[in-house]
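What follows is the content of my_file-v3.txt (compact mmCIF, C-alpha atoms).
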```
# COMPACT_ATOMS: atom_id res chain seq x y z
CA MET A 3 112.54 30.43 63.92
CA ALA A 4 114.56 27.31 63.28
CA ARG A 5 112.66 24.10 63.55
CA ARG A 6 113.62 20.47 63.71
CA GLY A 7 112.54 18.78 60.48
CA LEU A 8 109.87 16.13 60.89
CA LEU A 9 109.32 12.78 59.21
CA LEU A 10 105.87 12.74 57.66
CA ILE A 11 104.76 9.19 56.91
CA LEU A 12 101.79 8.64 54.59
CA SER A 13 100.45 5.11 54.28
CA SER A 14 97.33 3.68 52.70
CA PRO A 15 96.19 0.81 50.57
CA SER A 16 96.89 1.24 46.86
CA GLY A 17 94.11 3.33 45.33
CA ALA A 18 93.15 5.31 48.44
CA GLY A 19 94.78 8.47 47.10
CA LYS A 20 98.07 8.50 48.99
CA SER A 21 100.34 9.24 46.03
CA THR A 22 98.08 12.02 44.72
CA LEU A 23 98.02 13.58 48.19
CA ALA A 24 101.81 13.28 48.45
CA LYS A 25 102.24 15.06 45.10
CA LYS A 26 99.89 17.84 46.15
CA LEU A 27 101.83 18.30 49.40
CA MET A 28 105.08 18.67 47.47
CA VAL A 29 103.50 21.44 45.36
CA TRP A 30 101.96 23.12 48.43
CA ASP A 31 105.31 23.31 50.26
CA THR A 32 108.35 23.22 48.01
CA SER A 33 110.66 23.01 51.04
CA LEU A 34 109.37 19.47 51.69
CA ARG A 35 111.78 16.72 50.72
CA PHE A 36 110.31 13.56 49.23
CA SER A 37 112.07 10.42 50.41
CA VAL A 38 112.99 8.54 47.24
CA SER A 39 113.16 4.82 47.98
CA ALA A 40 115.91 2.48 46.95
CA THR A 41 114.86 -0.77 45.29
CA THR A 42 116.30 -3.90 43.72
CA ARG A 43 113.48 -4.22 41.20
CA ALA A 44 114.18 -3.42 37.55
CA PRO A 45 113.26 0.06 36.28
CA ARG A 46 109.98 0.26 34.32
CA PRO A 47 109.88 2.20 31.04
CA GLY A 48 110.20 5.91 31.76
CA GLU A 49 111.48 5.53 35.31
CA VAL A 50 114.61 7.54 36.09
CA ASP A 51 117.22 6.53 38.68
CA GLY A 52 117.03 8.93 41.64
CA ARG A 53 113.57 10.21 40.66
CA GLU A 54 111.13 7.30 41.01
CA TYR A 55 113.67 5.11 42.82
CA TYR A 56 117.34 4.64 43.43
CA PHE A 57 117.86 1.41 41.49
CA LYS A 58 120.32 -0.86 43.31
CA THR A 59 121.76 -4.30 42.81
CA ARG A 60 120.87 -6.78 45.50
CA PRO A 61 124.45 -6.88 46.90
CA ASP A 62 124.58 -3.05 47.06
CA PHE A 63 121.20 -2.94 48.77
CA GLU A 64 122.20 -5.58 51.30
CA GLU A 65 125.40 -3.68 52.03
CA MET A 66 123.41 -0.51 52.77
CA VAL A 67 121.18 -2.46 55.16
CA ARG A 68 124.16 -4.05 56.90
CA THR A 69 125.90 -0.70 57.43
CA GLY A 70 122.80 1.03 58.84
CA GLN A 71 122.25 3.24 55.80
CA MET A 72 118.57 2.26 55.51
CA LEU A 73 115.98 3.76 57.85
CA GLU A 74 113.64 0.92 56.93
CA HIS A 75 113.47 -1.80 54.31
CA ALA A 76 111.28 -4.72 53.32
CA GLU A 77 110.88 -7.38 50.68
CA VAL A 78 107.71 -7.04 48.58
CA PHE A 79 106.84 -9.43 45.74
CA GLY A 80 110.44 -10.68 45.71
CA ASN A 81 112.13 -7.28 45.54
CA PHE A 82 113.75 -5.16 48.24
CA TYR A 83 112.61 -1.61 48.95
CA GLY A 84 114.05 0.79 51.51
CA SER A 85 114.48 4.41 52.64
CA PRO A 86 118.08 5.69 52.65
CA ARG A 87 118.93 7.39 55.94
CA ALA A 88 121.50 10.05 54.97
CA PRO A 89 119.23 12.43 53.00
CA VAL A 90 116.62 12.30 55.79
CA GLU A 91 119.11 13.27 58.47
CA GLN A 92 120.46 16.07 56.30
CA ALA A 93 116.95 17.46 55.71
CA MET A 94 116.18 17.29 59.45
CA ALA A 95 119.33 19.23 60.27
CA GLU A 96 118.25 21.90 57.76
CA GLY A 97 114.83 22.12 59.43
CA ARG A 98 113.15 20.61 56.38
CA ASP A 99 110.46 17.96 56.64
CA THR A 100 110.73 14.68 54.75
CA LEU A 101 107.69 13.00 53.22
CA PHE A 102 107.55 9.19 53.10
CA ASP A 103 105.09 7.37 50.85
CA ILE A 104 105.55 3.91 52.42
CA ASP A 105 103.60 0.97 53.75
CA TRP A 106 102.91 -0.10 57.34
CA GLN A 107 106.12 -2.15 57.57
CA GLY A 108 108.22 0.88 56.67
CA GLY A 109 106.23 3.11 58.99
CA GLN A 110 106.72 0.71 61.88
CA GLN A 111 110.48 0.50 61.30
CA ILE A 112 110.91 4.28 61.09
CA ARG A 113 108.91 4.79 64.30
CA ASN A 114 111.33 2.34 65.94
CA SER A 115 114.48 3.73 64.30
CA GLY A 116 115.46 6.18 67.02
CA LEU A 117 113.84 9.02 65.08
CA GLY A 118 110.41 8.04 66.40
CA ARG A 119 109.73 11.32 68.20
CA ASP A 120 110.19 13.20 64.93
CA VAL A 121 107.64 11.03 63.12
CA VAL A 122 104.14 12.19 62.22
CA SER A 123 102.21 9.32 60.67
CA VAL A 124 99.00 9.58 58.67
CA PHE A 125 96.91 6.69 57.36
CA ILE A 126 94.53 7.29 54.44
CA LEU A 127 91.44 5.08 54.29
CA PRO A 128 89.19 4.70 51.24
CA PRO A 129 85.51 5.57 51.72
CA SER A 130 84.59 2.01 50.72
CA ILE A 131 86.17 -1.10 49.22
CA ALA A 132 83.96 -0.80 46.13
CA GLU A 133 85.44 2.67 45.58
CA LEU A 134 88.97 1.38 46.21
CA GLU A 135 88.55 -1.29 43.54
CA ARG A 136 86.97 1.21 41.14
CA ARG A 137 90.01 3.50 41.51
CA LEU A 138 92.42 0.61 40.99
CA ARG A 139 90.56 -0.53 37.82
CA SER A 140 90.26 3.00 36.43
CA ARG A 141 94.04 3.11 36.02
CA GLY A 142 93.44 0.55 33.27
CA GLN A 143 96.97 -0.85 33.49
CA ASP A 144 96.53 -4.05 35.40
CA SER A 145 95.09 -7.51 34.81
CA ASP A 146 92.32 -8.98 37.00
CA GLU A 147 94.92 -11.13 38.67
CA VAL A 148 97.11 -8.15 39.56
CA ILE A 149 94.02 -6.29 40.84
CA ALA A 150 93.09 -9.28 43.03
CA GLY A 151 96.62 -9.33 44.44
CA ARG A 152 96.50 -5.62 45.18
CA MET A 153 93.12 -5.98 46.90
CA ALA A 154 94.49 -8.71 49.17
CA LYS A 155 97.49 -6.51 49.96
CA SER A 156 95.09 -3.60 50.62
CA GLN A 157 93.21 -5.57 53.25
CA ALA A 158 96.47 -6.42 54.99
CA GLU A 159 97.60 -2.78 54.81
CA ILE A 160 94.31 -1.48 56.23
CA SER A 161 94.65 -3.84 59.20
CA HIS A 162 97.47 -1.56 60.45
CA TRP A 163 95.46 1.69 60.51
CA ALA A 164 95.52 1.84 64.33
CA GLU A 165 99.33 2.25 64.44
CA TYR A 166 99.11 5.76 62.96
CA ASP A 167 98.87 9.14 64.71
CA TYR A 168 96.25 10.48 62.32
CA VAL A 169 93.62 8.76 60.18
CA LEU A 170 91.79 10.39 57.26
CA VAL A 171 88.93 8.88 55.25
CA ASN A 172 89.47 10.11 51.69
CA ARG A 173 85.89 10.80 50.56
CA ASP A 174 86.83 13.98 48.71
CA LEU A 175 90.38 14.68 47.56
CA ASP A 176 90.34 18.46 48.19
CA ALA A 177 88.83 18.08 51.67
CA THR A 178 91.30 15.33 52.58
CA PHE A 179 94.19 17.41 51.28
CA ALA A 180 93.05 20.37 53.41
CA GLN A 181 92.99 18.09 56.47
CA LEU A 182 96.47 16.83 55.65
CA VAL A 183 97.80 20.38 55.36
CA SER A 184 96.26 21.19 58.76
CA ILE A 185 97.99 18.17 60.27
CA VAL A 186 101.38 19.31 58.96
CA GLU A 187 100.84 22.95 59.96
CA GLY A 188 99.57 21.93 63.37
CA GLU A 189 102.51 19.60 64.04
CA ARG A 190 104.93 22.37 63.07
CA SER A 191 103.39 24.54 65.82
CA ARG A 192 103.97 21.95 68.55
CA ARG A 193 106.18 23.31 71.29
CA ASP A 194 108.55 20.35 71.18
CA ARG A 195 109.20 20.88 67.46
CA GLN A 196 110.39 24.48 68.01
CA PRO A 197 113.75 24.24 69.76
CA ASP A 198 114.35 28.02 69.41
CA LEU A 199 111.38 28.94 71.60
CA ALA A 200 113.37 28.73 74.83
CA ASP A 201 115.80 31.36 73.50
CA PHE A 202 112.95 33.51 72.29
CA VAL A 203 111.33 33.50 75.75
CA ARG A 204 114.68 34.30 77.37
CA GLY A 205 114.74 37.37 75.13
CA LEU A 206 111.27 38.39 76.33
CA ASN A 207 112.43 38.03 79.92
CA ARG A 208 115.46 40.22 79.30
CA GLU A 209 113.05 42.80 77.88
CA PHE A 210 110.87 42.57 81.01
CA ASP A 211 113.88 42.97 83.27
CA ALA A 212 115.18 45.99 81.33
CA ARG A 213 111.92 47.97 81.77
CA MET B 27 81.68 10.32 62.06
CA ALA B 28 81.07 10.94 65.75
CA ARG B 29 83.97 12.41 67.60
CA ARG B 30 84.82 12.93 71.23
CA GLY B 31 84.73 16.66 72.00
CA LEU B 32 88.05 18.17 72.96
CA LEU B 33 89.02 20.82 75.48
CA LEU B 34 90.88 23.59 73.73
CA ILE B 35 92.82 25.73 76.20
CA LEU B 36 94.14 29.10 75.08
CA SER B 37 96.46 30.94 77.43
CA SER B 38 98.64 34.00 77.03
CA PRO B 39 99.62 37.15 78.83
CA SER B 40 97.06 39.93 78.62
CA GLY B 41 97.55 41.79 75.33
CA ALA B 42 99.02 38.93 73.30
CA GLY B 43 95.80 38.52 71.32
CA LYS B 44 94.23 35.51 73.04
CA SER B 45 90.72 36.93 73.39
CA THR B 46 90.64 38.19 69.79
CA LEU B 47 91.78 34.77 68.58
CA ALA B 48 89.15 33.06 70.75
CA LYS B 49 86.41 35.26 69.27
CA LYS B 50 87.58 34.52 65.71
CA LEU B 51 87.54 30.78 66.47
CA MET B 52 83.94 31.00 67.68
CA VAL B 53 82.95 32.67 64.39
CA TRP B 54 84.96 30.16 62.32
CA ASP B 55 83.25 27.16 63.94
CA THR B 56 79.86 27.88 65.42
CA SER B 57 79.71 24.36 66.93
CA LEU B 58 82.47 25.36 69.37
CA ARG B 59 81.29 26.00 72.90
CA PHE B 60 82.96 28.79 74.82
CA SER B 61 83.48 27.97 78.49
CA VAL B 62 81.96 30.86 80.41
CA SER B 63 83.74 31.23 83.74
CA ALA B 64 82.07 31.64 87.09
CA THR B 65 83.37 34.45 89.30
CA THR B 66 82.76 36.11 92.66
CA ARG B 67 83.78 39.54 91.41
CA ALA B 68 81.06 42.15 90.89
CA PRO B 69 79.71 42.64 87.34
CA ARG B 70 81.11 45.65 85.45
CA PRO B 71 78.74 47.94 83.55
CA GLY B 72 77.33 46.11 80.54
CA GLU B 73 78.29 42.61 81.69
CA VAL B 74 75.48 40.06 81.54
CA ASP B 75 75.22 37.02 83.83
CA GLY B 76 75.90 33.88 81.81
CA ARG B 77 77.51 35.82 78.92
CA GLU B 78 80.75 37.36 80.25
CA TYR B 79 80.63 35.38 83.51
CA TYR B 80 78.34 33.46 85.79
CA PHE B 81 78.27 35.83 88.73
CA LYS B 82 78.25 33.90 92.01
CA THR B 83 78.31 34.75 95.68
CA ARG B 84 81.34 33.51 97.53
CA PRO B 85 79.39 30.83 99.46
CA ASP B 86 77.80 29.54 96.23
CA PHE B 87 81.20 29.44 94.50
CA GLU B 88 82.80 27.61 97.42
CA GLU B 89 79.93 25.10 97.43
CA MET B 90 80.53 24.38 93.71
CA VAL B 91 84.23 23.79 94.41
CA ARG B 92 83.48 21.54 97.37
CA THR B 93 81.06 19.38 95.37
CA GLY B 94 83.41 18.94 92.40
CA GLN B 95 81.41 21.17 90.06
CA MET B 96 84.47 23.22 89.05
CA LEU B 97 87.01 21.86 86.55
CA GLU B 98 89.48 24.45 87.81
CA HIS B 99 89.40 27.54 89.96
CA ALA B 100 91.76 30.16 91.33
CA GLU B 101 91.83 33.37 93.31
CA VAL B 102 93.05 36.37 91.33
CA PHE B 103 93.25 39.89 92.80
CA GLY B 104 91.01 38.77 95.69
CA ASN B 105 88.23 37.25 93.58
CA PHE B 106 87.50 33.64 92.69
CA TYR B 107 87.28 32.48 89.08
CA GLY B 108 86.47 28.97 87.86
CA SER B 109 85.22 26.79 84.98
CA PRO B 110 81.96 24.93 85.69
CA ARG B 111 82.29 21.23 84.82
CA ALA B 112 78.74 20.25 83.73
CA PRO B 113 78.51 22.19 80.43
CA VAL B 114 81.95 20.90 79.39
CA GLU B 115 80.99 17.27 79.93
CA GLN B 116 77.74 17.78 78.08
CA ALA B 117 79.53 19.33 75.09
CA MET B 118 82.06 16.47 75.04
CA ALA B 119 79.29 13.89 74.98
CA GLU B 120 77.75 15.72 72.00
CA GLY B 121 81.11 15.66 70.17
CA ARG B 122 81.47 19.42 70.52
CA ASP B 123 84.74 21.07 71.45
CA THR B 124 84.94 23.54 74.34
CA LEU B 125 87.17 26.59 74.19
CA PHE B 126 88.78 27.86 77.41
CA ASP B 127 90.26 31.35 77.63
CA ILE B 128 92.11 30.80 80.93
CA ASP B 129 95.48 31.31 82.58
CA TRP B 130 98.24 28.80 83.32
CA GLN B 131 96.77 27.86 86.71
CA GLY B 132 93.47 26.90 85.10
CA GLY B 133 95.24 25.08 82.29
CA GLN B 134 97.29 23.08 84.76
CA GLN B 135 94.24 22.09 86.80
CA ILE B 136 92.23 20.99 83.74
CA ARG B 137 95.15 18.90 82.46
CA ASN B 138 95.16 17.18 85.87
CA SER B 139 91.35 16.90 86.17
CA GLY B 140 90.99 13.44 84.68
CA LEU B 141 90.08 14.97 81.30
CA GLY B 142 93.76 15.50 80.48
CA ARG B 143 93.79 13.29 77.41
CA ASP B 144 91.04 15.40 75.84
CA VAL B 145 92.98 18.63 76.36
CA VAL B 146 94.72 20.52 73.56
CA SER B 147 96.59 23.49 75.00
CA VAL B 148 97.92 26.46 73.07
CA PHE B 149 100.05 29.28 74.45
CA ILE B 150 100.15 32.61 72.60
CA LEU B 151 103.33 34.66 72.96
CA PRO B 152 103.69 38.33 72.00
CA PRO B 153 106.39 39.17 69.42
CA SER B 154 108.05 41.45 72.01
CA ILE B 155 107.37 42.99 75.41
CA ALA B 156 107.37 46.47 73.89
CA GLU B 157 104.55 45.34 71.58
CA LEU B 158 102.70 43.71 74.50
CA GLU B 159 102.80 46.97 76.47
CA ARG B 160 101.76 48.96 73.42
CA ARG B 161 98.68 46.75 72.96
CA LEU B 162 97.77 47.04 76.65
CA ARG B 163 98.08 50.86 76.54
CA SER B 164 96.14 51.17 73.28
CA ARG B 165 93.03 49.92 75.05
CA GLY B 166 93.15 53.27 76.84
CA GLN B 167 91.16 52.03 79.83
CA ASP B 168 93.76 51.48 82.46
CA SER B 169 95.98 53.61 84.68
CA ASP B 170 99.79 53.29 84.68
CA GLU B 171 99.51 51.41 87.94
CA VAL B 172 97.09 48.87 86.48
CA ILE B 173 99.31 48.48 83.39
CA ALA B 174 102.35 47.85 85.63
CA GLY B 175 100.38 45.20 87.50
CA ARG B 176 99.34 43.53 84.26
CA MET B 177 102.92 43.55 82.97
CA ALA B 178 104.13 41.81 86.15
CA LYS B 179 101.34 39.26 85.76
CA SER B 180 102.30 38.85 82.09
CA GLN B 181 105.86 37.91 82.98
CA ALA B 182 104.59 35.30 85.44
CA GLU B 183 102.13 33.95 82.85
CA ILE B 184 104.83 33.69 80.15
CA SER B 185 107.02 31.67 82.52
CA HIS B 186 104.56 28.77 82.02
CA TRP B 187 104.79 28.59 78.20
CA ALA B 188 106.58 25.22 78.29
CA GLU B 189 103.58 23.46 79.86
CA TYR B 190 101.56 23.80 76.64
CA ASP B 191 101.21 21.42 73.68
CA TYR B 192 101.47 24.19 71.09
CA VAL B 193 103.11 27.60 71.15
CA LEU B 194 102.38 30.42 68.68
CA VAL B 195 104.16 33.76 68.46
CA ASN B 196 101.47 36.27 67.47
CA ARG B 197 103.35 38.52 65.04
CA ASP B 198 100.39 38.81 62.65
CA LEU B 199 96.83 38.14 63.77
CA ASP B 200 95.61 36.52 60.53
CA ALA B 201 98.65 34.23 60.26
CA THR B 202 98.37 33.24 63.93
CA PHE B 203 94.66 32.56 63.51
CA ALA B 204 95.37 30.33 60.48
CA GLN B 205 97.88 28.37 62.59
CA LEU B 206 95.35 28.02 65.38
CA VAL B 207 92.73 26.69 62.96
CA SER B 208 95.26 24.15 61.66
CA ILE B 209 95.97 23.00 65.21
CA VAL B 210 92.26 22.43 65.87
CA GLU B 211 91.65 20.72 62.50
CA GLY B 212 94.75 18.58 62.91
CA GLU B 213 93.83 17.48 66.43
CA ARG B 214 90.35 16.51 65.21
CA SER B 215 92.01 14.15 62.70
CA ARG B 216 93.98 12.28 65.36
CA ARG B 217 93.13 8.62 65.44
CA ASP B 218 92.48 8.59 69.16
CA ARG B 219 89.90 11.38 68.85
CA GLN B 220 87.79 9.38 66.35
CA PRO B 221 86.19 6.54 68.34
CA ASP B 222 84.01 5.52 65.36
CA LEU B 223 86.98 4.58 63.17
CA ALA B 224 87.17 1.02 64.50
CA ASP B 225 83.56 0.43 63.39
CA PHE B 226 84.26 2.02 60.03
CA VAL B 227 87.22 -0.29 59.41
CA ARG B 228 85.14 -3.31 60.49
CA GLY B 229 82.71 -2.28 57.73
CA LEU B 230 85.56 -2.18 55.18
CA ASN B 231 86.61 -5.66 56.27
CA ARG B 232 83.08 -7.00 55.84
CA GLU B 233 83.13 -5.53 52.34
CA PHE B 234 86.46 -7.27 51.61
CA ASP B 235 85.13 -10.58 52.89
CA ALA B 236 81.94 -10.31 50.82
CA ARG B 237 83.83 -9.93 47.52
```
Produce structure tokens that represent the structure in this file.
Amino acid sequence: MARRGLLLILSSPSGAGKSTLAKKLMVWDTSLRFSVSATTRAPRPGEVDGREYYFKTRPDFEEMVRTGQMLEHAEVFGNFYGSPRAPVEQAMAEGRDTLFDIDWQGGQQIRNSGLGRDVVSVFILPPSIAELERRLRSRGQDSDEVIAGRMAKSQAEISHWAEYDYVLVNRDLDATFAQLVSIVEGERSRRDRQPDLADFVRGLNREFDAR
Amino acid sequence: MARRGLLLILSSPSGAGKSTLAKKLMVWDTSLRFSVSATTRAPRPGEVDGREYYFKTRPDFEEMVRTGQMLEHAEVFGNFYGSPRAPVEQAMAEGRDTLFDIDWQGGQQIRNSGLGRDVVSVFILPPSIAELERRLRSRGQDSDEVIAGRMAKSQAEISHWAEYDYVLVNRDLDATFAQLVSIVEGERSRRDRQPDLADFVRGLNREFDAR
């Protein structure tokens, strides 16, 4: 049966496993659409326009905001980031769900964008801060100063956990992923996400009446 | 983490697979508590008091209703049926979920009992009325007259599908069971069903502050 696509928002502090979980979801259900963000920051080596980000000039970005083409946007470390609206609305119309890997500011804006009733939001918590820092350091890319900045940002991010529909503590990646899949499957079975049910039941009633 | 037990209500017309799904759920999670109904009807051969039903006299049943010991009750085919409140509240306090195999009247009363926010309700629809009748007849126990009565009751039951949180069309038992498990797992991950999360996050914050 046709279904209205939902907006699945995943948020967490950096290092809690959000991006790994998002990637696993995309493999689990290839009909999911990942919302690629637009940004004004410069591409890093290896990043491809339209894959990691849509790379925009600041004037272009500001024009998209002004004309309502961004579902949400924010300035982080001096650069703009945002979620373009058009591909999300197209996916919804096709009954496909869109996955957002965004922070609490983006989540808040999307919940208040007029698409709020189509939002399912999940916050991923680390099992401990020691473990969060260990995961950040194990990437081996960042200086102590960058790590300290990320940890401060993590504390601020975690302070918004209570704005989310679902909260998972990521102690074990496979177990957390299984919980996440259950959340998505469960939400898809909600009555109010299945607009074709009313027609289906009318069909059952016609069958009753024809007996 | 400790969790508030939820009230899982399964309703469907007779023959849509509700009781089979309920039994599979009880095997899947042995911590689930099945709500055994009280009734004034006479025991059938093989039925054990406290297993299929709590068999009550009419005065005893009416006394339980009068003193608020029934979460819901109704008269069906001249007999009273109801869900005793005490075991449900005990299970909730222990963080155990209670499974109710009841009809729309019972579901409606439990949602309005003051425990409404702990209710998760699932309606099971048959794929077709022809299939529903086939399943009823395949039990081979009932006369044509009884089948006709059940079919009329089924149509009335189906008319209440839109009062439920989740709706599943039971085309394939294993697939429907997997969906039901996802609904339960997903609901258990909801923020508002995890009262210990606030303490957990306070612990993370203490860890941040101690760095």
Proximal residues of chain B relative to chain A (all atoms listed in the file; 6 Å) as an MDAnalysis selection string
chainID B and resid 191:193 208:209 211:212 215:217
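Atom pair atom CA of B:Ser40 / atom CA of B:Ala117: separated by 27.3 Å.
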Need to verify the contact set: stretch 76-92 of chain B, 6 Å, all atoms listed in the file, exclusion of same-chain residues closer than 2 positions in sequence. Can you return it as an MDAnalysis selection string?
chainID B and resid 62:66 73:74 94:96
Please, what distance in Å, to one decimal, runs between atom CA of A:Glu96 and atom CA of A:Asp120?
13.9 Å
Atom CA of A:Leu73 to atom CA of A:Gly108, straight-line distance in Å:
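Between atom CA of A:Gly108 and atom CA of A:Leu73 the gap works out to 8.4 Å.
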Quick one: residues within 8 Å of A:Leu10, only C-alpha atoms, excluding same-chain residues fewer than 4 positions away - as a ChimeraX atom specification?
/A:99-102,121-124
Output C-alpha atoms for every residue in that selection, as a PDB file, in the frame of the given file.
```pdb
ATOM      1  CA  ASP A  99     110.460  17.960  56.640  1.00  0.00           C
ATOM      2  CA  THR A 100     110.730  14.680  54.750  1.00  0.00           C
ATOM      3  CA  LEU A 101     107.690  13.000  53.220  1.00  0.00           C
ATOM      4  CA  PHE A 102     107.550   9.190  53.100  1.00  0.00           C
ATOM      5  CA  VAL A 121     107.640  11.030  63.120  1.00  0.00           C
ATOM      6  CA  VAL A 122     104.140  12.190  62.220  1.00  0.00           C
ATOM      7  CA  SER A 123     102.210   9.320  60.670  1.00  0.00           C
ATOM      8  CA  VAL A 124      99.000   9.580  58.670  1.00  0.00           C
TER       9      VAL A 124
END
```
My list of candidates is B:Asp225, B:Asp170, B:Glu157, B:Glu101. Which is closest to B:Asp198 when distances are computed with all atoms listed in the file?
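Checking each candidate against B:Asp198, we get B:Glu157 as the closest.
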What's the 9 Å shell around A:Ser115, counting all atoms listed in the file, without same-chain residues fewer than 4 positions away, as an mmCIF file with C-alpha atoms, in the coordinates of the input?
```cif
data_model
loop_
_atom_site.group_PDB
_atom_site.id
_atom_site.type_symbol
_atom_site.label_atom_id
_atom_site.label_comp_id
_atom_site.auth_asym_id
_atom_site.auth_seq_id
_atom_site.Cartn_x
_atom_site.Cartn_y
_atom_site.Cartn_z
ATOM 1 C CA LEU A 73 115.980 3.760 57.850
ATOM 2 C CA GLU A 74 113.640 0.920 56.930
ATOM 3 C CA GLN A 110 106.720 0.710 61.880
ATOM 4 C CA GLN A 111 110.480 0.500 61.300
#
```
Near A:Gly7, within 6 Å and counting only C-alpha atoms, which residues show up once chain neighbours fewer than 5 positions away are dropped, as a ChimeraX atom specification?
/A:94,97-99
Any chance you could build stretch 222-236 of chain B out to N, CA, C and O atoms and write it as a PDB file, keeping the file's coordinate frame?
```pdb
ATOM      1  N   ASP B 222      84.801   6.299  66.312  1.00  0.00           N
ATOM      2  CA  ASP B 222      84.010   5.520  65.360  1.00  0.00           C
ATOM      3  C   ASP B 222      84.850   4.842  64.284  1.00  0.00           C
ATOM      4  O   ASP B 222      84.333   4.056  63.479  1.00  0.00           O
ATOM      5  N   LEU B 223      86.154   5.138  64.243  1.00  0.00           N
ATOM      6  CA  LEU B 223      86.980   4.580  63.170  1.00  0.00           C
ATOM      7  C   LEU B 223      87.015   3.054  63.210  1.00  0.00           C
ATOM      8  O   LEU B 223      87.004   2.405  62.155  1.00  0.00           O
ATOM      9  N   ALA B 224      87.075   2.479  64.405  1.00  0.00           N
ATOM     10  CA  ALA B 224      87.170   1.020  64.500  1.00  0.00           C
ATOM     11  C   ALA B 224      85.960   0.371  63.824  1.00  0.00           C
ATOM     12  O   ALA B 224      86.113  -0.595  63.068  1.00  0.00           O
ATOM     13  N   ASP B 225      84.767   0.935  64.055  1.00  0.00           N
ATOM     14  CA  ASP B 225      83.560   0.430  63.390  1.00  0.00           C
ATOM     15  C   ASP B 225      83.641   0.606  61.881  1.00  0.00           C
ATOM     16  O   ASP B 225      83.236  -0.276  61.120  1.00  0.00           O
ATOM     17  N   PHE B 226      84.157   1.747  61.463  1.00  0.00           N
ATOM     18  CA  PHE B 226      84.260   2.020  60.030  1.00  0.00           C
ATOM     19  C   PHE B 226      85.158   0.983  59.358  1.00  0.00           C
ATOM     20  O   PHE B 226      84.830   0.440  58.293  1.00  0.00           O
ATOM     21  N   VAL B 227      86.293   0.681  59.996  1.00  0.00           N
ATOM     22  CA  VAL B 227      87.220  -0.290  59.410  1.00  0.00           C
ATOM     23  C   VAL B 227      86.615  -1.697  59.433  1.00  0.00           C
ATOM     24  O   VAL B 227      86.809  -2.481  58.497  1.00  0.00           O
ATOM     25  N   ARG B 228      85.849  -2.011  60.481  1.00  0.00           N
ATOM     26  CA  ARG B 228      85.140  -3.310  60.490  1.00  0.00           C
ATOM     27  C   ARG B 228      84.219  -3.404  59.266  1.00  0.00           C
ATOM     28  O   ARG B 228      84.120  -4.463  58.641  1.00  0.00           O
ATOM     29  N   GLY B 229      83.574  -2.303  58.919  1.00  0.00           N
ATOM     30  CA  GLY B 229      82.710  -2.280  57.730  1.00  0.00           C
ATOM     31  C   GLY B 229      83.502  -2.547  56.455  1.00  0.00           C
ATOM     32  O   GLY B 229      83.063  -3.292  55.575  1.00  0.00           O
ATOM     33  N   LEU B 230      84.701  -1.934  56.357  1.00  0.00           N
ATOM     34  CA  LEU B 230      85.560  -2.180  55.180  1.00  0.00           C
ATOM     35  C   LEU B 230      85.914  -3.661  55.108  1.00  0.00           C
ATOM     36  O   LEU B 230      85.907  -4.271  54.033  1.00  0.00           O
ATOM     37  N   ASN B 231      86.222  -4.242  56.249  1.00  0.00           N
ATOM     38  CA  ASN B 231      86.610  -5.660  56.270  1.00  0.00           C
ATOM     39  C   ASN B 231      85.454  -6.566  55.847  1.00  0.00           C
ATOM     40  O   ASN B 231      85.662  -7.548  55.136  1.00  0.00           O
ATOM     41  N   ARG B 232      84.247  -6.220  56.286  1.00  0.00           N
ATOM     42  CA  ARG B 232      83.080  -7.000  55.840  1.00  0.00           C
ATOM     43  C   ARG B 232      82.949  -6.907  54.327  1.00  0.00           C
ATOM     44  O   ARG B 232      82.637  -7.891  53.661  1.00  0.00           O
ATOM     45  N   GLU B 233      83.219  -5.711  53.794  1.00  0.00           N
ATOM     46  CA  GLU B 233      83.130  -5.530  52.340  1.00  0.00           C
ATOM     47  C   GLU B 233      84.198  -6.368  51.626  1.00  0.00           C
ATOM     48  O   GLU B 233      83.925  -6.971  50.573  1.00  0.00           O
ATOM     49  N   PHE B 234      85.408  -6.403  52.177  1.00  0.00           N
ATOM     50  CA  PHE B 234      86.460  -7.270  51.610  1.00  0.00           C
ATOM     51  C   PHE B 234      85.988  -8.728  51.594  1.00  0.00           C
ATOM     52  O   PHE B 234      86.088  -9.422  50.590  1.00  0.00           O
ATOM     53  N   ASP B 235      85.473  -9.164  52.740  1.00  0.00           N
ATOM     54  CA  ASP B 235      85.130 -10.580  52.890  1.00  0.00           C
ATOM     55  C   ASP B 235      83.960 -10.979  51.992  1.00  0.00           C
ATOM     56  O   ASP B 235      83.831 -12.145  51.619  1.00  0.00           O
ATOM     57  N   ALA B 236      83.120  -9.999  51.634  1.00  0.00           N
ATOM     58  CA  ALA B 236      81.940 -10.310  50.820  1.00  0.00           C
ATOM     59  C   ALA B 236      82.266 -10.345  49.324  1.00  0.00           C
ATOM     60  O   ALA B 236      81.407 -10.690  48.506  1.00  0.00           O
TER      61      ALA B 236
END
```
